[in-house]
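Heads up, protein34.txt below (compact mmCIF, C-alpha atoms):
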```
# COMPACT_ATOMS: atom_id res chain seq x y z
CA MET V 1 -23.00 8.81 -29.38
CA ALA V 2 -20.12 6.37 -29.31
CA LYS V 3 -19.12 5.27 -25.87
CA SER V 4 -15.50 5.80 -25.07
CA ALA V 5 -13.34 2.94 -23.89
CA PHE V 6 -13.23 4.54 -20.47
CA MET V 7 -16.99 4.62 -20.14
CA ARG V 8 -17.21 1.00 -21.24
CA TRP V 9 -14.67 0.08 -18.58
CA PHE V 10 -16.54 2.23 -16.08
CA HIS V 11 -19.80 0.41 -16.67
CA ARG V 12 -18.27 -3.03 -16.79
CA PHE V 13 -16.40 -2.40 -13.57
CA GLY V 14 -19.58 -1.10 -12.03
CA SER V 15 -21.13 -4.53 -12.49
CA LEU V 16 -20.99 -6.13 -9.08
CA PRO V 17 -20.37 -9.82 -9.99
CA TYR V 18 -17.64 -8.73 -12.38
CA PHE V 19 -15.99 -6.65 -9.68
CA TYR V 20 -16.28 -9.44 -7.14
CA GLY V 21 -14.44 -11.75 -9.49
CA VAL V 22 -11.58 -9.46 -10.52
CA SER V 23 -11.08 -8.06 -7.03
CA VAL V 24 -9.14 -11.15 -5.99
CA PRO V 25 -6.27 -10.87 -8.50
CA ILE V 26 -6.22 -7.08 -8.08
CA ALA V 27 -5.97 -7.41 -4.30
CA ARG V 28 -3.17 -9.88 -4.71
CA ALA V 29 -1.34 -7.58 -7.12
CA LEU V 30 -1.55 -4.81 -4.51
CA ALA V 31 -0.70 -6.93 -1.48
CA VAL V 32 2.55 -8.49 -2.63
CA PRO V 33 4.48 -5.35 -3.70
CA GLY V 34 2.77 -3.39 -0.90
CA VAL V 35 4.04 -5.65 1.86
CA LEU V 36 7.49 -5.89 0.28
CA LEU V 37 7.87 -2.11 -0.15
CA ALA V 38 6.53 -1.33 3.31
CA ALA V 39 8.73 -3.97 4.93
CA TRP V 40 11.84 -2.74 3.16
CA GLY V 41 10.99 0.91 3.89
CA VAL V 42 10.43 0.31 7.59
CA TYR V 43 13.52 -1.90 7.91
CA ALA V 44 15.76 0.50 6.03
CA GLY V 45 14.31 3.41 7.99
CA LEU V 46 14.68 1.83 11.39
CA VAL V 47 18.04 0.13 10.83
CA LEU V 48 19.97 1.31 7.76
CA ALA V 49 19.25 5.05 7.64
CA PRO V 50 21.63 7.30 9.57
CA ALA V 51 20.50 8.93 12.79
CA ASP V 52 19.35 12.54 12.61
CA TYR V 53 21.89 15.22 13.53
CA GLN V 54 19.58 16.74 16.14
CA GLN V 55 17.03 14.15 17.14
CA GLY V 56 19.25 11.08 17.04
CA ASP V 57 17.29 7.86 16.68
CA ALA V 58 14.02 9.41 17.81
CA PHE V 59 13.37 10.72 14.30
CA ARG V 60 12.82 7.15 13.05
CA ILE V 61 9.18 7.23 14.10
CA ILE V 62 8.77 9.27 10.90
CA TYR V 63 8.75 5.99 8.95
CA ILE V 64 5.38 5.17 10.48
CA HIS V 65 4.14 8.69 11.11
CA VAL V 66 4.47 10.16 7.63
CA PRO V 67 2.96 7.20 5.68
CA SER V 68 0.07 7.16 8.18
CA ALA V 69 -0.52 10.89 7.86
CA TRP V 70 -0.31 10.68 4.07
CA LEU V 71 -2.82 7.84 3.98
CA SER V 72 -5.17 9.63 6.36
CA MET V 73 -5.45 12.44 3.79
CA PHE V 74 -5.27 10.24 0.69
CA GLY V 75 -7.96 7.96 2.07
CA TYR V 76 -10.38 10.76 2.74
CA THR V 77 -9.76 12.38 -0.63
CA SER V 78 -10.43 9.09 -2.40
CA MET V 79 -13.63 8.74 -0.38
CA ALA V 80 -14.70 12.19 -1.54
CA VAL V 81 -14.09 11.24 -5.18
CA ALA V 82 -16.11 8.07 -4.63
CA GLY V 83 -18.72 10.26 -2.94
CA VAL V 84 -19.17 12.39 -6.06
CA VAL V 85 -19.46 9.26 -8.19
CA ALA V 86 -21.96 7.77 -5.74
CA LEU V 87 -24.07 10.93 -5.62
CA VAL V 88 -24.08 11.68 -9.33
CA TRP V 89 -23.96 8.27 -11.00
CA ARG V 90 -25.45 6.26 -8.12
CA LEU V 91 -22.75 3.65 -8.61
CA LYS V 92 -23.08 1.03 -5.90
CA LEU V 93 -19.40 0.23 -6.02
CA ALA V 94 -18.53 3.82 -5.08
CA GLU V 95 -20.93 3.67 -2.14
CA ILE V 96 -19.30 0.48 -0.98
CA TYR V 97 -15.83 1.97 -1.37
CA ILE V 98 -16.66 4.76 1.10
CA VAL V 99 -17.91 2.32 3.71
CA ALA V 100 -14.90 0.03 3.27
CA ALA V 101 -12.24 2.76 3.24
CA ALA V 102 -13.51 4.71 6.26
CA PRO V 103 -12.36 2.39 9.06
CA ILE V 104 -8.97 1.88 7.41
CA GLY V 105 -8.49 5.60 6.92
CA ALA V 106 -9.57 6.20 10.51
CA SER V 107 -6.98 3.69 11.71
CA PHE V 108 -4.19 5.43 9.81
CA THR V 109 -5.35 8.80 11.13
CA PHE V 110 -5.25 7.46 14.66
CA LEU V 111 -1.78 6.04 14.00
CA ALA V 112 -0.56 9.40 12.69
CA LEU V 113 -1.90 11.19 15.76
CA ALA V 114 -0.53 8.59 18.18
CA THR V 115 2.98 8.39 16.69
CA GLY V 116 3.14 12.17 16.48
CA SER V 117 2.17 12.43 20.11
CA ILE V 118 4.76 9.86 21.19
CA TRP V 119 7.41 11.78 19.26
CA GLY V 120 6.20 15.14 20.52
CA LYS V 121 6.64 14.39 24.19
CA PRO V 122 10.45 14.08 24.16
CA MET V 123 11.10 16.43 21.22
CA TRP V 124 8.68 19.29 21.67
CA GLY V 125 8.14 18.74 25.38
CA THR V 126 4.41 18.02 25.14
CA TRP V 127 2.08 15.23 24.08
CA TRP V 128 -0.39 17.55 22.43
CA VAL V 129 -0.83 21.19 21.45
CA TRP V 130 -3.86 22.81 19.87
CA ASP V 131 -2.01 24.17 16.86
CA ALA V 132 -3.63 24.25 13.41
CA ARG V 133 -1.98 21.07 12.08
CA LEU V 134 -2.76 18.84 15.02
CA THR V 135 -6.27 20.19 15.45
CA SER V 136 -7.21 19.78 11.79
CA GLU V 137 -5.84 16.23 11.77
CA LEU V 138 -7.96 15.46 14.85
CA ILE V 139 -10.99 16.85 13.02
CA LEU V 140 -10.16 14.46 10.18
CA LEU V 141 -10.35 11.56 12.62
CA PHE V 142 -13.78 12.78 13.74
CA LEU V 143 -14.88 13.03 10.11
CA TYR V 144 -13.90 9.41 9.53
CA LEU V 145 -15.70 8.37 12.70
CA GLY V 146 -18.68 10.42 11.53
CA VAL V 147 -18.85 8.50 8.25
CA ILE V 148 -18.66 5.18 10.11
CA ALA V 149 -21.29 6.25 12.64
CA LEU V 150 -23.58 7.58 9.93
CA HIS V 151 -23.38 4.32 8.05
CA ASN V 152 -24.24 2.34 11.14
CA ALA V 153 -27.01 4.68 12.25
CA ILE V 154 -29.14 4.65 9.10
CA GLU V 155 -30.92 1.43 8.41
CA SER V 156 -31.71 1.75 4.71
CA PRO V 157 -28.46 0.96 2.87
CA ARG V 158 -29.13 3.41 0.03
CA THR V 159 -29.96 6.31 2.33
CA ALA V 160 -26.96 5.47 4.52
CA ALA V 161 -24.70 5.38 1.48
CA ARG V 162 -25.98 8.73 0.26
CA ALA V 163 -25.45 10.33 3.66
CA CYS V 164 -21.90 8.92 3.88
CA ALA V 165 -21.12 10.12 0.35
CA LEU V 166 -22.32 13.61 1.23
CA LEU V 167 -20.24 13.75 4.41
CA SER V 168 -17.19 12.54 2.45
CA VAL V 169 -17.59 15.26 -0.16
CA VAL V 170 -18.22 17.99 2.39
CA GLY V 171 -15.47 16.90 4.77
CA VAL V 172 -12.75 16.82 2.13
CA ILE V 173 -12.45 20.60 2.57
CA ASN V 174 -10.46 19.73 5.66
CA VAL V 175 -7.74 17.94 3.68
CA PRO V 176 -6.11 21.02 2.04
CA ILE V 177 -6.48 22.78 5.39
CA ILE V 178 -4.43 20.03 7.04
CA HIS V 179 -1.83 20.14 4.30
CA TYR V 180 -1.39 23.92 4.21
CA SER V 181 -1.96 24.58 7.92
CA VAL V 182 1.77 24.67 8.55
CA GLU V 183 2.24 27.33 5.88
CA TRP V 184 -0.83 29.46 6.55
CA TRP V 185 -0.40 29.74 10.30
CA ASN V 186 2.37 29.67 12.86
CA THR V 187 2.24 26.13 14.10
CA LEU V 188 4.39 24.09 16.42
CA HIS V 189 4.38 21.34 13.82
CA GLN V 190 7.20 21.77 11.33
CA GLY V 191 6.70 22.66 7.68
CA PRO V 192 6.66 20.19 4.79
CA THR V 193 9.87 18.24 4.22
CA ILE V 194 9.04 16.34 1.04
CA THR V 195 6.21 18.14 -0.76
CA ARG V 196 7.85 21.47 -1.40
CA PHE V 197 9.12 23.14 -4.53
CA ASP V 198 12.75 22.91 -3.47
CA ARG V 199 14.44 19.59 -3.22
CA PRO V 200 13.29 17.63 -0.15
CA ALA V 201 15.01 18.79 3.04
CA MET V 202 16.17 15.31 3.88
CA ASP V 203 19.18 13.16 3.18
CA LEU V 204 18.55 10.74 0.35
CA ASP V 205 19.42 7.67 2.39
CA MET V 206 16.72 8.78 4.85
CA LEU V 207 14.29 9.74 2.11
CA TRP V 208 14.24 6.56 -0.01
CA PRO V 209 13.05 4.30 2.80
CA LEU V 210 10.37 6.85 3.64
CA LEU V 211 9.07 6.97 0.08
CA SER V 212 9.17 3.18 -0.14
CA ALA V 213 7.23 2.85 3.11
CA ALA V 214 4.69 5.44 1.97
CA LEU V 215 4.11 3.69 -1.35
CA GLY V 216 4.00 0.28 0.32
CA PHE V 217 1.45 1.39 2.91
CA THR V 218 -0.63 2.97 0.14
CA LEU V 219 -0.78 -0.34 -1.71
CA ILE V 220 -1.66 -2.08 1.55
CA PHE V 221 -4.43 0.48 2.05
CA GLY V 222 -5.78 -0.43 -1.39
CA TRP V 223 -5.55 -4.12 -0.65
CA LEU V 224 -7.37 -3.87 2.69
CA THR V 225 -10.01 -1.55 1.26
CA LEU V 226 -10.64 -3.94 -1.61
CA TRP V 227 -11.09 -6.78 0.84
CA GLY V 228 -13.46 -4.67 2.91
CA MET V 229 -15.41 -3.88 -0.26
CA ARG V 230 -15.85 -7.59 -0.97
CA VAL V 231 -17.33 -8.11 2.47
CA GLN V 232 -19.66 -5.11 2.13
CA LEU V 233 -20.65 -6.24 -1.32
CA LEU V 234 -21.59 -9.75 -0.20
CA TRP V 235 -23.58 -8.35 2.71
CA ARG V 236 -25.49 -5.82 0.66
CA GLU V 237 -26.17 -8.25 -2.17
CA ARG V 238 -26.83 -11.24 0.06
CA ARG V 239 -30.37 -11.59 -1.30
CA SER V 240 -29.36 -11.25 -4.95
CA ARG V 241 -29.33 -14.15 -7.34
CA TRP V 242 -25.64 -14.03 -8.28
CA VAL V 243 -24.49 -14.24 -4.67
CA GLY V 244 -26.83 -17.14 -4.06
CA ARG V 245 -25.56 -18.94 -7.12
CA MET V 246 -21.96 -18.34 -6.10
CA LEU V 247 -22.54 -19.72 -2.61
CA GLU V 248 -24.30 -22.68 -4.13
CA ASN V 249 -21.32 -23.39 -6.39
CA SER V 250 -18.75 -23.05 -3.64
CA ARG V 251 -20.47 -25.63 -1.50
CA MET E 11 -24.22 12.39 -19.45
CA THR E 12 -27.94 12.46 -18.87
CA ARG E 13 -29.78 15.52 -17.64
CA THR E 14 -30.43 14.15 -14.18
CA ARG E 15 -26.78 13.32 -13.75
CA ARG E 16 -25.71 16.76 -14.90
CA ARG E 17 -28.17 18.29 -12.47
CA ARG E 18 -26.84 16.16 -9.61
CA LEU E 19 -23.25 17.00 -10.52
CA LEU E 20 -24.07 20.71 -10.50
CA LEU E 21 -25.82 20.31 -7.17
CA VAL E 22 -22.86 18.52 -5.57
CA GLY E 23 -20.40 20.95 -7.15
CA GLY E 24 -22.43 23.96 -6.05
CA LEU E 25 -22.69 22.62 -2.52
CA PHE E 26 -18.97 22.03 -2.38
CA VAL E 27 -18.02 25.45 -3.78
CA GLY E 28 -20.42 27.21 -1.41
CA LEU E 29 -19.12 25.35 1.58
CA ALA E 30 -15.50 25.91 0.60
CA ALA E 31 -16.17 29.63 0.31
CA ALA E 32 -17.86 29.68 3.73
CA VAL E 33 -15.00 27.80 5.36
CA SER E 34 -12.32 29.98 3.80
CA LEU E 35 -14.15 33.14 4.90
CA ALA E 36 -14.45 31.77 8.43
CA LEU E 37 -10.78 30.80 8.54
CA THR E 38 -9.69 34.20 7.26
CA ALA E 39 -11.81 35.86 9.92
CA PHE E 40 -10.38 33.68 12.67
CA SER E 41 -6.81 33.63 11.39
CA GLU E 42 -5.51 35.74 14.30
CA ASN E 43 -6.84 33.19 16.76
CA LEU E 44 -5.37 30.30 14.82
CA LEU E 45 -1.86 31.63 15.20
CA TYR E 46 -0.08 29.40 17.58
CA PHE E 47 2.46 32.02 18.69
CA TYR E 48 3.56 35.62 18.35
CA GLN E 49 7.05 36.72 17.43
CA PRO E 50 9.45 39.01 19.31
CA SER E 51 9.14 41.77 16.73
CA GLU E 52 5.38 41.75 17.15
CA ILE E 53 5.89 42.28 20.87
CA ALA E 54 8.34 45.09 20.20
CA SER E 55 5.85 46.86 17.95
CA GLY E 56 3.10 46.52 20.54
CA GLN E 57 0.78 44.19 18.63
CA VAL E 58 0.56 41.75 21.50
CA PRO E 59 -1.67 42.10 24.57
CA THR E 60 0.43 42.57 27.71
CA ASP E 61 -2.29 41.71 30.21
CA THR E 62 -2.99 38.13 29.14
CA ARG E 63 -0.96 34.98 28.73
CA PHE E 64 0.19 34.16 25.23
CA ARG E 65 2.78 32.18 23.33
CA ILE E 66 5.94 33.59 21.86
CA GLY E 67 8.10 31.83 19.31
CA GLY E 68 11.62 32.59 18.13
CA LEU E 69 15.20 31.44 18.13
CA VAL E 70 17.19 31.01 21.31
CA GLU E 71 19.98 33.53 20.85
CA GLU E 72 23.53 32.19 20.82
CA ASN E 73 25.34 32.51 24.18
CA SER E 74 22.25 33.78 25.89
CA VAL E 75 21.33 30.73 27.98
CA GLU E 76 22.10 31.12 31.69
CA ARG E 77 21.29 28.54 34.30
CA ASN E 78 21.23 28.93 38.06
CA SER E 79 23.37 26.44 39.88
CA ASP E 80 20.92 25.81 42.74
CA ASP E 81 17.52 25.61 41.03
CA LEU E 82 15.96 24.92 37.65
CA VAL E 83 15.59 28.54 36.54
CA VAL E 84 16.86 29.16 33.03
CA ARG E 85 17.20 32.56 31.39
CA PHE E 86 17.64 33.07 27.69
CA THR E 87 16.90 35.55 24.95
CA LEU E 88 14.37 34.75 22.28
CA SER E 89 14.74 36.61 19.03
CA ASP E 90 13.64 36.86 15.44
CA CYS E 91 15.50 38.96 12.90
CA ASP E 92 14.34 42.31 14.27
CA ALA E 93 13.76 42.10 17.99
CA SER E 94 14.49 40.02 21.04
CA VAL E 95 12.77 39.29 24.32
CA PRO E 96 14.39 38.05 27.54
CA VAL E 97 12.68 34.91 28.83
CA ARG E 98 12.73 33.32 32.27
CA PHE E 99 11.61 29.72 32.76
CA LYS E 100 11.66 27.25 35.64
CA GLY E 101 11.39 23.57 34.79
CA THR E 102 12.70 20.87 32.50
CA LEU E 103 13.44 21.77 28.92
CA PRO E 104 12.65 19.52 25.95
CA ASP E 105 15.40 17.51 24.24
CA LEU E 106 15.65 19.82 21.27
CA PHE E 107 16.20 22.96 23.34
CA ARG E 108 19.57 24.51 22.54
CA GLU E 109 21.04 27.79 21.43
CA GLY E 110 20.06 28.58 17.86
CA GLN E 111 16.98 26.38 18.10
CA GLY E 112 13.44 27.59 17.47
CA ILE E 113 11.24 27.30 20.52
CA VAL E 114 7.78 28.36 21.65
CA ALA E 115 7.27 29.64 25.19
CA TYR E 116 3.92 30.10 26.94
CA GLY E 117 3.58 32.69 29.66
CA GLN E 118 3.13 36.38 30.36
CA LEU E 119 5.04 39.60 29.90
CA GLU E 120 6.20 41.24 33.10
CA PRO E 121 5.96 45.04 33.35
CA GLY E 122 9.76 45.17 33.15
CA GLY E 123 9.71 43.54 29.70
CA ASP E 124 10.76 40.07 30.78
CA PHE E 125 8.67 37.18 29.54
CA VAL E 126 7.98 34.67 32.31
CA ALA E 127 7.28 31.29 30.77
CA ASP E 128 5.76 28.30 32.47
CA GLU E 129 5.97 26.07 29.42
CA VAL E 130 8.74 25.83 26.84
CA LEU E 131 8.28 23.73 23.71
CA ALA E 132 10.97 23.11 21.11
CA LYS E 133 10.00 23.64 17.51
CA HIS E 134 11.61 21.24 15.13
CA ASP E 135 12.37 22.45 11.61
CA GLU E 136 11.72 20.47 8.46
CA ASN E 137 15.35 19.44 7.90
CA TYR E 138 16.53 15.92 8.49
CA MET E 139 20.14 14.94 7.96
CA SER E 140 22.86 12.70 9.24
CA PRO E 141 25.48 14.19 11.60
CA ASP E 142 28.21 14.11 8.88
CA VAL E 143 26.10 16.06 6.45
CA ALA E 144 25.15 18.56 9.14
CA GLU E 145 28.82 19.11 9.91
CA ALA E 146 29.69 19.58 6.26
CA MET E 147 26.88 22.07 5.81
CA GLN E 148 27.91 24.20 8.76
CA ASP E 149 30.53 26.04 6.69
CA ASP E 150 28.34 27.32 3.90
CA GLN E 151 25.18 27.77 5.91
CA GLY E 152 25.79 31.41 6.79
CA VAL E 153 23.88 33.22 9.50
CA SER E 154 20.17 32.72 9.55
CA CYS E 155 18.37 34.44 12.34
CA MET E 156 15.16 32.51 11.86
CA PRO E 157 14.25 29.26 10.15
CA THR E 158 12.06 30.11 7.18
CA ASN E 159 9.15 28.06 8.42
CA MET E 160 8.91 30.10 11.58
CA GLN E 161 8.35 33.31 9.76
CA ALA E 162 4.71 34.28 9.63
CA GLN E 163 3.32 33.98 6.14
CA ARG E 164 0.44 36.33 6.41
```

Would you mind writing the file out in structure tokens?
Amino acid sequence: MAKSAFMRWFHRFGSLPYFYGVSVPIARALAVPGVLLAAWGVYAGLVLAPADYQQGDAFRIIYIHVPSAWLSMFGYTSMAVAGVVALVWRLKLAEIYIVAAAPIGASFTFLALATGSIWGKPMWGTWWVWDARLTSELILLFLYLGVIALHNAIESPRTAARACALLSVVGVINVPIIHYSVEWWNTLHQGPTITRFDRPAMDLDMLWPLLSAALGFTLIFGWLTLWGMRVQLLWRERRSRWVGRMLENSR
Amino acid sequence: MTRTRRRRLLLVGGLFVGLAAAVSLALTAFSENLLYFYQPSEIASGQVPTDTRFRIGGLVEENSVERNSDDLVVRFTLSDCDASVPVRFKGTLPDLFREGQGIVAYGQLEPGGDFVADEVLAKHDENYMSPDVAEAMQDDQGVSCMPTNMQAQR
């Protein structure tokens, strides 16, 4: 059976010293465009974009809120994919990804909830309502915290990784529920503006900064997660020979 | 793919499918309770309990808002395409409250058919535009009695 190029890449990338080496240029390649795109998106959103016809300037919190909410769902979905890889192929790198991505995803989830709440008080008239969208997003935060807690609670790294992978796979059911909650049920939260079959219900000079910020924050998410993976990797492999040799050389 | 891996993949897949089925069954069963608000036409057709507090969502009818000059009581009519309900509320209204705007009110139906609200929340729709564009669109917008996203999709 001839191995495909993908499988070769898969196995090579799964090698931990190889990953540790290439993670630096990859992180750099994510960080530079990520920071630039996010900075331009936020600046253009907060300063250049026109005010909304109903909400005035208050709508501008969307430039933080929507990228955060997107990343809260993207992060968990990517953890679930890594979870399948970790459970089926026992790839250490996938286990490490889950541990590294969880706190970053949790931070973005918290940011989405907090900015939404700050916007909701003047616009809706309340900080919080228990509608389907807000509640399911809160559950997502608890899922992230659950993964983090699970990882810290179990001493054996392999068992901990397996438990976290399982929770990631199981919890991802919540992600489509979050996304479709505004269509399935009457919610106070408005329906989708960008991800709908029609054209987006937003002026283009408001939309471009938003897309730029979302892409930029996604790259930053990748960068931070990669850096977290390096730390996890060093910690878990601290007794291995290649880490020892590397530390020796860097002295 | 080796046999153990295939077995593990099936196990994970089976677990996921089973759980997804369980969750979707549970959500379907609870879907009434997950509704954040009822609509005026549902009240008109008697689908809504009159003895408990509930939420009602609809559009504030044009020219229906009346304010008292000496206190904070506001009266307005809340409607969807088929029915309307008179609402009475005392308190401060959110920024987005205006005629033609979708709002959600929390309170109780009086025997006379008035809805007495003690909380009024504005529902924002999914449209974002600059004031110029909004003005330009006013002409060809036509009459919509309900933003599409407020209509129940059950």

Kindly assemble as a tab-separated table a list of the chain E residues that lie within 6 Å of chain V, each paired with its nearest atom pair and their distance in Å to one decimal, using all atoms listed in the file, sorted first by chain and then by ascending residue number.
```
residue	atom	partner	partner_atom	distance
E:Arg15	CA	V:Val88	CA	5.4
E:Arg18	CA	V:Val88	CA	5.3
E:Leu19	CA	V:Val88	CA	5.5
E:Leu45	CA	V:Asn186	CA	5.2
E:Tyr46	CA	V:Thr187	CA	5.3
E:Pro104	CA	V:Gly125	CA	4.6
E:Asp105	CA	V:Met123	CA	5.4
E:Leu106	CA	V:Met123	CA	5.7
E:Leu131	CA	V:Trp124	CA	4.9
E:Ala132	CA	V:Trp124	CA	4.5
E:Lys133	CA	V:Leu188	CA	5.7
E:His134	CA	V:Gln190	CA	5.8
E:Asp135	CA	V:Gln190	CA	5.2
E:Glu136	CA	V:Thr193	CA	5.1
E:Asn137	CA	V:Ala201	CA	4.9
E:Tyr138	CA	V:Met202	CA	4.7
E:Met139	CA	V:Asp203	CA	5.2
E:Ser140	CA	V:Asp52	CA	4.9
E:Pro141	CA	V:Tyr53	CA	4.2
E:Asn159	CA	V:Gly191	CA	6.0
```

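Of the listed residues (E:Ala127, E:Leu103, E:Leu119, E:Leu35), E:Leu119 comes nearest to Asp61 of chain E; the distances count all atoms listed in the file.
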
_Quick one: residues within 8 Å of Ala93 of chain E, only C-alpha atoms, excluding same-chain residues fewer than 2 positions away - as JSON, numbers by chain?_
{"E": [50, 51, 54, 89, 90, 91, 95]}

Can you write just those residues out, C-alpha atoms, as an mmCIF file, keeping the file's coordinate frame?
```cif
data_model
loop_
_atom_site.group_PDB
_atom_site.id
_atom_site.type_symbol
_atom_site.label_atom_id
_atom_site.label_comp_id
_atom_site.auth_asym_id
_atom_site.auth_seq_id
_atom_site.Cartn_x
_atom_site.Cartn_y
_atom_site.Cartn_z
ATOM 1 C CA PRO E 50 9.450 39.010 19.310
ATOM 2 C CA SER E 51 9.140 41.770 16.730
ATOM 3 C CA ALA E 54 8.340 45.090 20.200
ATOM 4 C CA SER E 89 14.740 36.610 19.030
ATOM 5 C CA ASP E 90 13.640 36.860 15.440
ATOM 6 C CA CYS E 91 15.500 38.960 12.900
ATOM 7 C CA VAL E 95 12.770 39.290 24.320
#
```

_Residue with smallest distance to Thr77 of chain V - pool V:Val99, V:Phe217, V:Trp235, V:Gly105, counting only C-alpha atoms_ =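 Counting only C-alpha atoms, the residue closest to Thr77 of chain V is V:Gly105.
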
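Across the structure, atom CA of Tyr43 of chain V and atom CA of Ala100 of chain V are spaced 28.9 Å apart.
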
*For the atom pair atom CA of Arg245 of chain V and atom CA of Ala27 of chain V, what is the interatomic distance in Å to one decimal place?*
22.9 Å

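Straight-line separation from atom CA of Ala86 of chain V to atom CA of Gly34 of chain V: 27.6 Å.
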
*Kindly indicate which residue among E:Val83, E:Glu72, E:Asp142, E:Gly123 lies nearest to Gly56 of chain E, using only C-alpha atoms for the distances.*
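Using only C-alpha atoms, the shortest distance to Gly56 of chain E belongs to E:Gly123.
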
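Residue nearest Gln49 of chain E, chosen from E:Lys100, E:Arg63, E:Glu129, E:Gly68 and counting all atoms listed in the file: E:Gly68.
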
*Which residue of V:Val231, V:Leu71, V:Leu215, V:Met246 approaches Val35 of chain V most closely, using only C-alpha atoms*: V:Leu215

_Nearby residues (all atoms listed in the file) at most 7 Å from Val130 of chain E, same-chain spacing under 4 positions excluded, as a list in words_ =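 Close residues of Val130 of chain E: Leu103, Ile113, Val114, Ala115 and Tyr116 of chain E.
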
*Kindly extract all protein, DNA and RNA residues lying within 12 Å of the coordinates (-2.3, 5.8, 17.1) given in the file, considering only C-alpha atoms, and supply them as an MDAnalysis selection string.*
chainID V and resid 61 64:65 68:69 72 105:119 138 141

*Restricting the calculation to all atoms listed in the file, which member of V:Trp70, V:Arg133, V:Gly216, V:Ala160 is positioned closest to Tyr180 of chain V?*
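Between V:Trp70, V:Arg133, V:Gly216, V:Ala160, the residue approaching Tyr180 of chain V most closely is V:Arg133.
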
Can you put all heavy atoms back into segment 143-147 of chain V and show it as a JSON list (two decimals), in the frame of the given file?
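Result file follows (selection_35.json):
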```json
[["chain", "number", "residue", "atom", "x", "y", "z"],
["V", 143, "LEU", "N", -14.14, 13.17, 11.36],
["V", 143, "LEU", "CA", -14.88, 13.03, 10.11],
["V", 143, "LEU", "C", -14.99, 11.55, 9.71],
["V", 143, "LEU", "O", -16.06, 11.08, 9.32],
["V", 143, "LEU", "CB", -14.20, 13.83, 8.99],
["V", 143, "LEU", "CG", -14.43, 15.34, 9.02],
["V", 143, "LEU", "CD1", -13.52, 16.04, 8.03],
["V", 143, "LEU", "CD2", -15.89, 15.64, 8.69],
["V", 144, "TYR", "N", -13.86, 10.85, 9.82],
["V", 144, "TYR", "CA", -13.90, 9.41, 9.53],
["V", 144, "TYR", "C", -14.90, 8.72, 10.44],
["V", 144, "TYR", "O", -15.72, 7.91, 9.99],
["V", 144, "TYR", "CB", -12.51, 8.80, 9.76],
["V", 144, "TYR", "CG", -11.57, 8.87, 8.59],
["V", 144, "TYR", "CD1", -10.37, 9.56, 8.67],
["V", 144, "TYR", "CD2", -11.85, 8.19, 7.41],
["V", 144, "TYR", "CE1", -9.48, 9.59, 7.62],
["V", 144, "TYR", "CE2", -10.97, 8.21, 6.36],
["V", 144, "TYR", "CZ", -9.78, 8.92, 6.46],
["V", 144, "TYR", "OH", -8.91, 8.96, 5.42],
["V", 145, "LEU", "N", -14.79, 9.01, 11.75],
["V", 145, "LEU", "CA", -15.70, 8.37, 12.70],
["V", 145, "LEU", "C", -17.14, 8.75, 12.38],
["V", 145, "LEU", "O", -18.06, 7.93, 12.55],
["V", 145, "LEU", "CB", -15.34, 8.76, 14.14],
["V", 145, "LEU", "CG", -13.94, 8.32, 14.60],
["V", 145, "LEU", "CD1", -13.68, 8.73, 16.03],
["V", 145, "LEU", "CD2", -13.77, 6.81, 14.45],
["V", 146, "GLY", "N", -17.34, 9.98, 11.91],
["V", 146, "GLY", "CA", -18.68, 10.42, 11.53],
["V", 146, "GLY", "C", -19.23, 9.59, 10.39],
["V", 146, "GLY", "O", -20.40, 9.17, 10.41],
["V", 147, "VAL", "N", -18.39, 9.32, 9.38],
["V", 147, "VAL", "CA", -18.85, 8.50, 8.25],
["V", 147, "VAL", "C", -19.23, 7.10, 8.74],
["V", 147, "VAL", "O", -20.28, 6.56, 8.37],
["V", 147, "VAL", "CB", -17.75, 8.42, 7.16],
["V", 147, "VAL", "CG1", -18.12, 7.40, 6.11],
["V", 147, "VAL", "CG2", -17.53, 9.78, 6.53]]
```
